[in-house]
file data_23.tsv (TSV, C-alpha atoms)
chain	number	residue	atom	x	y	z
A	1	MET	CA	233.95	132.37	167.56
A	2	PRO	CA	230.71	131.95	165.59
A	3	GLU	CA	230.82	132.09	161.81
A	4	LEU	CA	229.88	135.50	160.41
A	5	SER	CA	226.80	135.83	158.25
A	6	HIS	CA	227.32	136.53	154.57
A	7	LEU	CA	227.28	140.13	153.44
A	8	ARG	CA	224.36	140.95	151.16
A	9	MET	CA	224.31	143.47	148.35
A	10	ARG	CA	221.45	144.62	146.16
A	11	ARG	CA	221.19	146.43	142.85
A	12	ALA	CA	217.81	148.11	143.20
A	13	GLN	CA	216.96	148.17	139.51
A	14	LEU	CA	218.15	146.73	136.21
A	15	THR	CA	216.90	149.34	133.74
A	16	ASP	CA	220.19	151.27	133.48
A	17	LEU	CA	222.71	148.47	132.97
A	18	PRO	CA	225.93	149.32	131.14
A	19	THR	CA	226.33	147.79	127.70
A	20	LEU	CA	227.97	144.38	127.69
A	21	ASN	CA	231.08	144.56	125.47
A	22	LEU	CA	233.17	141.40	125.40
A	23	PRO	CA	236.91	141.72	124.88
A	24	GLU	CA	238.28	140.31	121.64
A	25	GLY	CA	239.04	136.62	121.93
A	26	PHE	CA	236.32	135.76	124.46
A	27	LEU	CA	233.00	134.01	124.00
A	28	LEU	CA	230.02	134.23	126.40
A	29	ARG	CA	227.59	131.34	126.60
A	30	SER	CA	225.68	128.97	128.85
A	31	VAL	CA	227.44	125.96	130.33
A	32	THR	CA	226.09	122.50	129.56
A	33	ALA	CA	226.07	119.50	131.90
A	34	ALA	CA	228.62	117.84	129.60
A	35	GLU	CA	231.11	120.57	130.62
A	36	LEU	CA	231.05	119.85	134.35
A	37	PRO	CA	234.78	118.98	134.52
A	38	GLU	CA	235.75	122.31	132.90
A	39	LEU	CA	233.39	124.26	135.15
A	40	ALA	CA	234.65	122.42	138.25
A	41	CYS	CA	238.21	123.32	137.25
A	42	LEU	CA	237.26	126.99	136.90
A	43	LEU	CA	235.42	127.04	140.25
A	44	SER	CA	238.40	125.34	141.95
A	45	ALA	CA	240.72	128.02	140.57
A	46	ALA	CA	238.35	130.85	141.49
A	47	PHE	CA	237.64	129.52	144.99
A	48	PRO	CA	240.84	127.70	146.05
A	49	GLU	CA	239.60	127.37	149.62
A	50	LEU	CA	236.91	124.93	148.37
A	51	ILE	CA	237.10	121.59	146.60
A	52	TRP	CA	235.01	121.49	143.43
A	53	THR	CA	234.43	118.13	141.79
A	54	PRO	CA	232.17	117.56	138.79
A	55	LYS	CA	229.63	115.99	141.20
A	56	LYS	CA	229.70	118.96	143.58
A	57	THR	CA	229.39	121.30	140.58
A	58	HIS	CA	226.43	119.31	139.27
A	59	ASP	CA	224.72	119.35	142.67
A	60	ALA	CA	225.29	123.08	143.22
A	61	LEU	CA	224.48	124.37	139.73
A	62	PHE	CA	222.53	121.78	137.74
A	63	ALA	CA	220.55	119.76	140.30
A	64	ASP	CA	219.49	122.94	142.17
A	65	LEU	CA	216.34	123.96	140.32
A	66	SER	CA	216.63	127.56	141.57
A	67	VAL	CA	219.69	127.96	139.32
A	68	LYS	CA	218.23	128.91	135.95
A	69	GLU	CA	221.43	129.33	133.96
A	70	THR	CA	225.18	129.23	134.45
A	71	LEU	CA	227.14	131.54	132.17
A	72	VAL	CA	230.79	131.25	131.27
A	73	LEU	CA	233.37	133.38	129.49
A	74	ILE	CA	235.68	131.20	127.42
A	75	GLU	CA	239.03	132.22	125.97
A	76	GLU	CA	238.50	131.24	122.35
A	77	ALA	CA	242.16	130.53	121.52
A	78	THR	CA	242.60	127.99	124.33
A	79	GLY	CA	239.05	126.93	125.22
A	80	ILE	CA	239.80	127.71	128.87
A	81	PHE	CA	236.82	128.65	131.02
A	82	ALA	CA	237.89	132.08	132.31
A	83	ALA	CA	234.93	133.35	134.40
A	84	THR	CA	231.50	132.18	135.50
A	85	ALA	CA	228.32	133.38	137.19
A	86	SER	CA	225.02	131.66	137.75
A	87	ALA	CA	221.56	133.19	137.51
A	88	ARG	CA	219.41	131.93	140.36
A	89	LEU	CA	215.83	132.74	141.33
A	90	GLN	CA	214.62	132.51	144.93
A	91	PRO	CA	211.24	134.27	144.81
A	92	GLU	CA	210.36	133.31	148.39
A	93	ARG	CA	213.47	135.14	149.70
A	94	PHE	CA	213.89	137.81	147.04
A	95	PRO	CA	210.68	138.53	145.11
A	96	SER	CA	211.28	140.05	141.65
A	97	ALA	CA	215.05	139.81	142.12
A	98	GLY	CA	217.68	137.71	140.44
A	99	TYR	CA	220.23	136.14	142.76
A	100	LEU	CA	223.83	136.19	141.52
A	101	HIS	CA	225.40	132.88	142.43
A	102	TRP	CA	228.99	131.55	142.35
A	103	ILE	CA	230.63	134.43	140.52
A	104	GLY	CA	234.30	133.84	139.91
A	105	ALA	CA	237.24	134.20	137.56
A	106	HIS	CA	240.10	131.79	137.00
A	107	GLN	CA	243.20	133.03	138.85
A	108	SER	CA	245.18	133.29	135.61
A	109	PHE	CA	242.62	135.78	134.26
A	110	ARG	CA	242.29	137.98	137.35
A	111	GLY	CA	242.76	141.70	136.87
A	112	LYS	CA	241.40	141.64	133.30
A	113	GLY	CA	237.86	142.80	134.19
A	114	LEU	CA	236.26	139.43	133.46
A	115	GLY	CA	234.56	139.30	136.87
A	116	ARG	CA	232.83	142.57	136.03
A	117	LEU	CA	231.84	141.28	132.59
A	118	ILE	CA	230.40	137.97	133.81
A	119	THR	CA	228.50	139.78	136.58
A	120	LEU	CA	227.13	142.26	134.05
A	121	ALA	CA	226.16	139.38	131.72
A	122	ALA	CA	224.17	137.79	134.56
A	123	LEU	CA	222.47	141.13	135.30
A	124	HIS	CA	221.44	141.39	131.64
A	125	LYS	CA	220.13	137.81	131.87
A	126	PHE	CA	218.04	138.73	134.93
A	127	ARG	CA	216.56	141.68	133.07
A	128	GLU	CA	215.66	139.37	130.15
A	129	MET	CA	214.00	137.03	132.67
A	130	GLY	CA	211.80	139.88	133.94
A	131	CYS	CA	213.61	140.56	137.21
A	132	THR	CA	213.57	144.15	138.43
A	133	SER	CA	216.55	143.97	140.81
A	134	ALA	CA	219.45	141.70	141.76
A	135	VAL	CA	220.99	140.47	145.01
A	136	LEU	CA	224.12	138.58	145.96
A	137	GLU	CA	225.73	137.29	149.11
A	138	THR	CA	229.48	137.12	149.71
A	139	GLN	CA	232.18	137.25	152.37
A	140	ASP	CA	234.16	140.17	153.75
A	141	PHE	CA	237.54	138.98	152.47
A	142	ARG	CA	236.49	139.09	148.80
A	143	VAL	CA	237.45	142.77	148.57
A	144	PRO	CA	238.17	142.93	144.80
A	145	ALA	CA	234.77	141.36	144.09
A	146	LEU	CA	233.05	143.72	146.54
A	147	GLN	CA	234.67	146.69	144.78
A	148	THR	CA	233.42	145.38	141.42
A	149	TYR	CA	229.87	145.00	142.74
A	150	LEU	CA	229.91	148.52	144.19
A	151	LYS	CA	231.08	149.94	140.83
A	152	LEU	CA	228.22	148.07	139.12
A	153	GLY	CA	225.65	149.80	141.34
A	154	PHE	CA	225.18	147.26	144.12
A	155	GLU	CA	224.70	148.66	147.60
A	156	PRO	CA	225.23	146.99	150.97
A	157	GLU	CA	222.09	145.64	152.60
A	158	HIS	CA	222.29	145.26	156.39
A	159	TYR	CA	220.31	142.34	157.74
A	160	ASP	CA	222.15	141.63	160.98
A	161	ASP	CA	223.75	143.76	163.67
A	162	THR	CA	227.34	142.99	162.57
A	163	HIS	CA	226.96	144.37	159.05
A	164	ALA	CA	227.33	148.12	159.67
A	165	ALA	CA	230.74	147.75	161.31
A	166	ARG	CA	231.91	145.16	158.78
A	167	TRP	CA	230.93	147.36	155.84
A	168	GLU	CA	232.57	150.37	157.47
A	169	ALA	CA	235.83	148.41	157.76
A	170	ILE	CA	235.62	147.28	154.12
A	171	LEU	CA	234.76	150.69	152.71
A	172	SER	CA	237.41	152.53	154.72
A	173	GLY	CA	240.16	150.00	153.93
call {"tool": "encode", "arguments": {"input": "data_23.tsv", "output": "structure tokens"}}
result
Amino acid sequence: MPELSHLRMRRAQLTDLPTLNLPEGFLLRSVTAAELPELACLLSAAFPELIWTPKKTHDALFADLSVKETLVLIEEATGIFAATASARLQPERFPSAGYLHWIGAHQSFRGKGLGRLITLAALHKFREMGCTSAVLETQDFRVPALQTYLKLGFEPEHYDDTHAARWEAILSG
């Protein structure tokens, strides 16, 4: 069976973003290259089906010049990286749009709304960068993330003939 294409979602505009209110005890900031081990640990916890090493993290998020910034929410008391999202620009594919990239929360922080917060932080970053919309690509099985994106105003974008049925199954489930 051939591999399914990623699902794509788009938030058509960024002028009406909700206010970004961080919960007490969390800090939002950019990740530095010196923090690759911590970021790799977070990505490994958020995406357990993949193996994230500091080198893979560097190649995917620091060596890729389309990635403009990687944000992280840190639990201040422990210093643990709790959630991350990267702001990527691909003007040849998505003119005027920011591309949300590698959005994830550490498993021990799931259910606390941090995925929503880090996504919203990246949307605010795109607006600051002059983007007028945002896109992301993901897989069907990431249902909690898909629900978060829908609540934040993203809408499905069908670009292949399998998407209508796949979205119908997700939205009716």
call {"tool": "residues_around", "arguments": {"input": "data_23.tsv", "residues": "range 82-92 of chain A", "least_positions_apart": "6", "cutoff": "9 Å", "atoms": "all atoms listed in the file", "output": "ChimeraX atom specification"}}
result
/A:26,39,42-43,46,61,65-75,98-110,114-115,117-119,121-123,125-126
call {"tool": "atom_distance", "arguments": {"input": "data_23.tsv", "atom1": "CA of Ser172 in chain A", "atom2": "CA of Lys151 in chain A"}}
result
15.5 Å
call {"tool": "atom_distance", "arguments": {"input": "data_23.tsv", "atom1": "CA of His6 in chain A", "atom2": "CA of Arg116 in chain A"}}
result
20.3 Å
call {"tool": "atom_distance", "arguments": {"input": "data_23.tsv", "atom1": "CA of Ala63 in chain A", "atom2": "CA of Tyr149 in chain A"}}
result
27.0 Å
call {"tool": "residues_around", "arguments": {"input": "data_23.tsv", "residues": "Thr57 in chain A", "least_positions_apart": "4", "cutoff": "10 Å", "atoms": "all atoms listed in the file", "output": "list in words"}}
result
Ala33, Leu36, Pro37, Leu39, Ala40, Cys41, Leu43, Ser44, Ile51, Trp52, Thr53, Leu61, Phe62 and Ala63 of chain A
call {"tool": "write_last_selection", "arguments": {"input": "data_23.tsv", "atoms": "C-alpha atoms", "output": "PDB file, in the frame of the given file"}}
result
ATOM      1  CA  ALA A  33     226.070 119.500 131.900  1.00  0.00           C
ATOM      2  CA  LEU A  36     231.050 119.850 134.350  1.00  0.00           C
ATOM      3  CA  PRO A  37     234.780 118.980 134.520  1.00  0.00           C
ATOM      4  CA  LEU A  39     233.390 124.260 135.150  1.00  0.00           C
ATOM      5  CA  ALA A  40     234.650 122.420 138.250  1.00  0.00           C
ATOM      6  CA  CYS A  41     238.210 123.320 137.250  1.00  0.00           C
ATOM      7  CA  LEU A  43     235.420 127.040 140.250  1.00  0.00           C
ATOM      8  CA  SER A  44     238.400 125.340 141.950  1.00  0.00           C
ATOM      9  CA  ILE A  51     237.100 121.590 146.600  1.00  0.00           C
ATOM     10  CA  TRP A  52     235.010 121.490 143.430  1.00  0.00           C
ATOM     11  CA  THR A  53     234.430 118.130 141.790  1.00  0.00           C
ATOM     12  CA  LEU A  61     224.480 124.370 139.730  1.00  0.00           C
ATOM     13  CA  PHE A  62     222.530 121.780 137.740  1.00  0.00           C
ATOM     14  CA  ALA A  63     220.550 119.760 140.300  1.00  0.00           C
TER      15      ALA A  63
END
call {"tool": "closest_residue", "arguments": {"input": "data_23.tsv", "among": "A:Leu27, A:Leu50, A:Leu152, A:Ala12", "to": "Thr132 in chain A", "atoms": "only C-alpha atoms"}}
result
A:Ala12
call {"tool": "closest_residue", "arguments": {"input": "data_23.tsv", "among": "A:Arg11, A:Glu137, A:Val31, A:Gly79", "to": "Tyr159 in chain A", "atoms": "all atoms listed in the file"}}
result
A:Glu137
